[in-house]
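The next block holds one structure in the form of structure tokens; read it before the comments.
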Amino acid sequence: RIPDSTHQHSPSSYIGSSAKKQIRRLIVESRAFEVLGGTMDGSRDETNAGALHSHFSPAEVSTILADAAGDTLREGNTADAAELYALAGRYSSLISLLNHELATCLVEDTEKRRFWRNAALQFHSIHLTQGRTHVIDALEKEGTLSLGNTFQLILNLMVFFDRCRNQEWEDAWSLVDDLQLLPRSESDRSLKVESFQSLDSVIQKSFHQVLLGAMESLSHQHTSLKGRHVSSPIDANAVSQRLKELRERSRLLVTFASLLPLGHFAGDTVSRIAQMEAYMM
């Protein structure tokens, strides 16, 4: 039984670690997260009180919920862990979890991808698009704003792969080029190699897919443009110039990929994009 919160001492001072473990177990097994931990108020960017707030301070409730999230993670239940981290106000842990789950399903249109993307977009629309929000303040205070940058980058890469899957090759290339992950010139190559080293590890582990998608978009643009009928010398010159640009970017992409530490994906990735580049004649 949780002690009466009207006692003159802090109620949680009477709760030992074993009892708190049982409270966490109650949260995890009952899944009554909002009843016990409260609800998120998107309009005010804060949590409405739940039953636990009658017996513990906000900081203590946050710790209990975050520990319960850790318990669910160890059991492999990432969806419940994400909800608990949100209620706990542990935004760094939440965004880190979202980044990890999203990065594992960047490319293929699966049920898992749709679930995590919808959750991420809902969180993004409520907490990261309304100017200076409590979440941004919390990330800045904890020195974890880079997690938010990675989160935004992953969402953009998902759009890139959607465009590749839909064969919207020009739009796909335009987007990935705007993300400034890939070199645009020989002089830019070393800087982009250094920039790769500063990317979050979840991005680095999936970067071979970005390289393959980028080369595929270049290759398809080249094939389409080469087969286009032109009716005037001016059009012919414009097409010739664009084909030259696509070949230059593809060669640069192969060189760039060969300089990156892509782990066990390195050999296969470089081989595949080099083969695509070789056909762009």
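Residues are named by chain letter and number: chains run A, B, ... in the order of the structure tokens, numbers start at 1 in each chain, and ligands are numbered from 1 in the order shown.
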Selection: 9 Å around A:Gln204, only C-alpha atoms, excl. self and same-chain fewer than 5 positions, as a PDB file with N, CA, C and O atoms, in the first residue's frame:
```
ATOM      1  N   PHE A 196      30.753  12.676 -41.826  1.00  0.00           N
ATOM      2  CA  PHE A 196      30.238  11.334 -41.596  1.00  0.00           C
ATOM      3  C   PHE A 196      30.629  10.847 -40.202  1.00  0.00           C
ATOM      4  O   PHE A 196      29.824  10.205 -39.502  1.00  0.00           O
ATOM      5  N   GLN A 197      31.855  11.147 -39.791  1.00  0.00           N
ATOM      6  CA  GLN A 197      32.337  10.695 -38.487  1.00  0.00           C
ATOM      7  C   GLN A 197      31.536  11.301 -37.338  1.00  0.00           C
ATOM      8  O   GLN A 197      31.472  10.718 -36.249  1.00  0.00           O
ATOM      9  N   LEU A 199      28.273  11.924 -37.475  1.00  0.00           N
ATOM     10  CA  LEU A 199      26.887  11.461 -37.485  1.00  0.00           C
ATOM     11  C   LEU A 199      26.646  10.483 -36.350  1.00  0.00           C
ATOM     12  O   LEU A 199      27.553   9.768 -35.915  1.00  0.00           O
ATOM     13  N   PRO A 261      34.195   4.340 -43.411  1.00  0.00           N
ATOM     14  CA  PRO A 261      34.251   3.081 -42.647  1.00  0.00           C
ATOM     15  C   PRO A 261      32.852   2.470 -42.527  1.00  0.00           C
ATOM     16  O   PRO A 261      32.148   2.677 -41.536  1.00  0.00           O
ATOM     17  N   LEU A 262      32.472   1.711 -43.525  1.00  0.00           N
ATOM     18  CA  LEU A 262      31.117   1.154 -43.582  1.00  0.00           C
ATOM     19  C   LEU A 262      31.026  -0.247 -43.005  1.00  0.00           C
ATOM     20  O   LEU A 262      30.005  -0.920 -43.172  1.00  0.00           O
TER      21      LEU A 262
END
```
Selection: 12 Å around A:Val210, only C-alpha atoms, excl. self and same-chain fewer than 2 positions, as a PDB file with C-alpha atoms, in the first residue's frame:
```pdb
ATOM      1  CA  ALA A 103      16.947   3.691 -38.279  1.00  0.00           C
ATOM      2  CA  LEU A 106      14.513   3.210 -43.034  1.00  0.00           C
ATOM      3  CA  VAL A 107      13.934   1.627 -46.399  1.00  0.00           C
ATOM      4  CA  LEU A 153      17.575  13.715 -40.385  1.00  0.00           C
ATOM      5  CA  ILE A 154      16.101  10.222 -40.078  1.00  0.00           C
ATOM      6  CA  ASN A 156      13.986  13.231 -43.991  1.00  0.00           C
ATOM      7  CA  LEU A 157      15.815  10.074 -45.046  1.00  0.00           C
ATOM      8  CA  MET A 158      12.576   8.127 -44.754  1.00  0.00           C
ATOM      9  CA  VAL A 159      11.031  10.553 -47.244  1.00  0.00           C
ATOM     10  CA  PHE A 160      14.065  10.038 -49.495  1.00  0.00           C
ATOM     11  CA  PHE A 161      13.582   6.271 -49.480  1.00  0.00           C
ATOM     12  CA  CYS A 164      13.154   6.011 -54.340  1.00  0.00           C
ATOM     13  CA  ALA A 172      14.766  11.740 -54.324  1.00  0.00           C
ATOM     14  CA  TRP A 173      18.131  13.044 -55.501  1.00  0.00           C
ATOM     15  CA  LEU A 175      16.252  15.789 -51.233  1.00  0.00           C
ATOM     16  CA  VAL A 176      19.355  13.756 -50.389  1.00  0.00           C
ATOM     17  CA  ASP A 177      21.543  16.402 -52.038  1.00  0.00           C
ATOM     18  CA  LEU A 179      20.653  17.130 -46.746  1.00  0.00           C
ATOM     19  CA  LEU A 181      25.483  14.319 -46.575  1.00  0.00           C
ATOM     20  CA  LEU A 182      27.243  13.776 -49.905  1.00  0.00           C
ATOM     21  CA  ILE A 203      22.852   6.862 -39.135  1.00  0.00           C
ATOM     22  CA  GLN A 204      26.342   5.532 -39.790  1.00  0.00           C
ATOM     23  CA  LYS A 205      25.107   1.939 -39.590  1.00  0.00           C
ATOM     24  CA  SER A 206      22.481   2.652 -42.264  1.00  0.00           C
ATOM     25  CA  PHE A 207      24.593   4.929 -44.446  1.00  0.00           C
ATOM     26  CA  HIS A 208      25.349   2.227 -47.004  1.00  0.00           C
ATOM     27  CA  LEU A 212      22.937   2.907 -52.733  1.00  0.00           C
ATOM     28  CA  GLY A 213      19.732   4.946 -52.943  1.00  0.00           C
ATOM     29  CA  ALA A 214      21.650   8.048 -54.035  1.00  0.00           C
ATOM     30  CA  MET A 215      23.514   6.191 -56.790  1.00  0.00           C
ATOM     31  CA  GLU A 216      20.320   4.522 -57.940  1.00  0.00           C
ATOM     32  CA  SER A 217      18.630   7.916 -58.265  1.00  0.00           C
ATOM     33  CA  LEU A 253      30.016   9.204 -54.925  1.00  0.00           C
ATOM     34  CA  ALA A 257      32.007   5.657 -50.455  1.00  0.00           C
ATOM     35  CA  LEU A 262      31.117   1.154 -43.582  1.00  0.00           C
ATOM     36  CA  THR A 269      28.357  -1.218 -51.272  1.00  0.00           C
ATOM     37  CA  ILE A 273      27.577   1.627 -56.776  1.00  0.00           C
TER      38      ILE A 273
END
```
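Taking atom CA of A:Gly263 and atom CA of A:Ser146 as the two end points, the separation is 23.3 Å.
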*Pick out the closest residue to A:Thr78 from this set: A:Lys112, A:Lys192, A:Arg247, A:His222. Count only C-alpha atoms.*
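Of the candidates, the smallest distance to A:Thr78 is held by A:Lys112.
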_Given only C-alpha atoms as the counted atoms, nearest of A:Ala88, A:Leu218, A:Leu128, A:Ile234 to A:Thr63_ =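 Using only C-alpha atoms, the shortest distance to A:Thr63 belongs to A:Ala88.
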*Give the helix (DSSP H, G or I) residues of stretch 79-165 of chain A, as assigned by DSSP on the backbone, as a ChimeraX atom specification.*
/A:79-88,91-103,111-127,134-142,145-165
Produce a file of the selected residues containing C-alpha atoms, as a CSV table (one decimal), in the first residue's frame.
```csv
chain,number,residue,atom,x,y,z
A,79,ALA,CA,6.6,0.6,-27.7
A,80,ASP,CA,5.6,0.7,-24.1
A,81,ALA,CA,9.1,2.0,-23.2
A,82,ALA,CA,8.6,4.9,-25.5
A,83,GLU,CA,5.2,5.8,-24.0
A,84,LEU,CA,6.7,5.6,-20.5
A,85,TYR,CA,9.7,7.8,-21.4
A,86,ALA,CA,7.3,10.4,-22.8
A,87,LEU,CA,5.2,10.4,-19.6
A,88,ALA,CA,8.4,10.6,-17.5
A,91,TYR,CA,13.0,13.2,-23.8
A,92,SER,CA,16.6,12.3,-24.5
A,93,SER,CA,15.8,8.7,-23.8
A,94,LEU,CA,12.6,8.8,-25.8
A,95,ILE,CA,14.2,10.4,-28.9
A,96,SER,CA,17.2,8.1,-28.7
A,97,LEU,CA,14.8,5.1,-28.7
A,98,LEU,CA,12.8,6.6,-31.6
A,99,ASN,CA,16.1,7.2,-33.5
A,100,HIS,CA,17.2,3.6,-33.0
A,101,GLU,CA,13.8,2.1,-34.0
A,102,LEU,CA,13.4,4.3,-37.1
A,103,ALA,CA,16.9,3.7,-38.3
A,111,GLU,CA,4.2,-2.4,-40.5
A,112,LYS,CA,7.0,-1.7,-38.1
A,113,ARG,CA,8.1,1.2,-40.1
A,114,ARG,CA,4.6,2.7,-40.3
A,115,PHE,CA,4.1,2.3,-36.6
A,116,TRP,CA,7.3,4.0,-35.5
A,117,ARG,CA,7.1,6.7,-38.2
A,118,ASN,CA,3.6,7.6,-37.2
A,119,ALA,CA,4.7,7.8,-33.5
A,120,ALA,CA,7.7,9.9,-34.5
A,121,LEU,CA,5.6,12.3,-36.7
A,122,GLN,CA,3.0,12.8,-33.9
A,123,PHE,CA,5.8,13.6,-31.4
A,124,HIS,CA,7.5,15.9,-33.9
A,125,SER,CA,4.3,17.8,-34.7
A,126,ILE,CA,3.4,18.3,-31.0
A,127,HIS,CA,6.8,19.0,-29.4
A,134,HIS,CA,9.8,22.4,-23.3
A,135,VAL,CA,11.3,19.5,-25.1
A,136,ILE,CA,13.8,21.6,-26.9
A,137,ASP,CA,14.7,23.3,-23.6
A,138,ALA,CA,15.1,20.0,-21.9
A,139,LEU,CA,17.4,18.6,-24.7
A,140,GLU,CA,19.5,21.8,-24.6
A,141,LYS,CA,19.8,21.6,-20.8
A,142,GLU,CA,21.0,18.0,-21.0
A,145,LEU,CA,20.2,18.6,-29.0
A,146,SER,CA,22.2,16.4,-31.4
A,147,LEU,CA,19.6,13.7,-30.8
A,148,GLY,CA,16.9,16.1,-32.1
A,149,ASN,CA,19.0,16.8,-35.2
A,150,THR,CA,19.5,13.0,-35.8
A,151,PHE,CA,15.7,12.6,-35.4
A,152,GLN,CA,15.0,15.2,-38.0
A,153,LEU,CA,17.6,13.7,-40.4
A,154,ILE,CA,16.1,10.2,-40.1
A,155,LEU,CA,12.6,11.5,-40.9
A,156,ASN,CA,14.0,13.2,-44.0
A,157,LEU,CA,15.8,10.1,-45.0
A,158,MET,CA,12.6,8.1,-44.8
A,159,VAL,CA,11.0,10.6,-47.2
A,160,PHE,CA,14.1,10.0,-49.5
A,161,PHE,CA,13.6,6.3,-49.5
A,162,ASP,CA,9.8,6.7,-50.1
A,163,ARG,CA,10.7,8.7,-53.2
A,164,CYS,CA,13.2,6.0,-54.3
A,165,ARG,CA,10.5,3.3,-53.8
```
*asked:* Give me the residues near A:Val28 as a ChimeraX atom specification, where near means some atom within 10 Å (using only C-alpha atoms) and where sequence neighbours in that chain fewer than 5 positions away do not count.
replied: /A:22-23,33,65,68-69,71-72,77,80-81,84
*Give me every strand (DSSP E) residue in stretch 20-140 of chain A, going by DSSP on the backbone, as a PyMOL selection string.*
chain A and resi 39-41+46-48
*Find the distance between atom CA of A:Leu26 and atom CA of A:Ala66 and write it in Å to one decimal.*
13.8 Å
_Using Å and a single decimal, report how far atom CA of A:Asn166 sits from atom CA of A:Lys226._
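It comes out at 20.7 Å.
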_Applying 6 Å and only C-alpha atoms, which residues near stretch 36-38 of chain A remain after dropping the ones on its own chain fewer than 4 positions away? List them as a list in words._
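With the cut-off at 6 Å, the set is Asn48, Ala49, Gly50, Ala51 and Leu52 of chain A.
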Write a file of the just-selected residues containing C-alpha atoms, as a compact mmCIF listing (two decimals), in the first residue's frame.
```txt
# COMPACT_ATOMS: atom_id res chain seq x y z
CA ASN A 48 -1.34 16.01 -16.31
CA ALA A 49 -1.15 14.30 -12.92
CA GLY A 50 -1.88 10.60 -12.46
CA ALA A 51 -2.39 8.48 -9.34
CA LEU A 52 1.32 8.35 -8.55
```
*Smallest atom-to-atom distance to A:Leu260: which of A:Asp178, A:Glu186, A:Glu277, A:Glu194, using only C-alpha atoms?*
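Ranked by minimum distance to A:Leu260, first place goes to A:Glu194.
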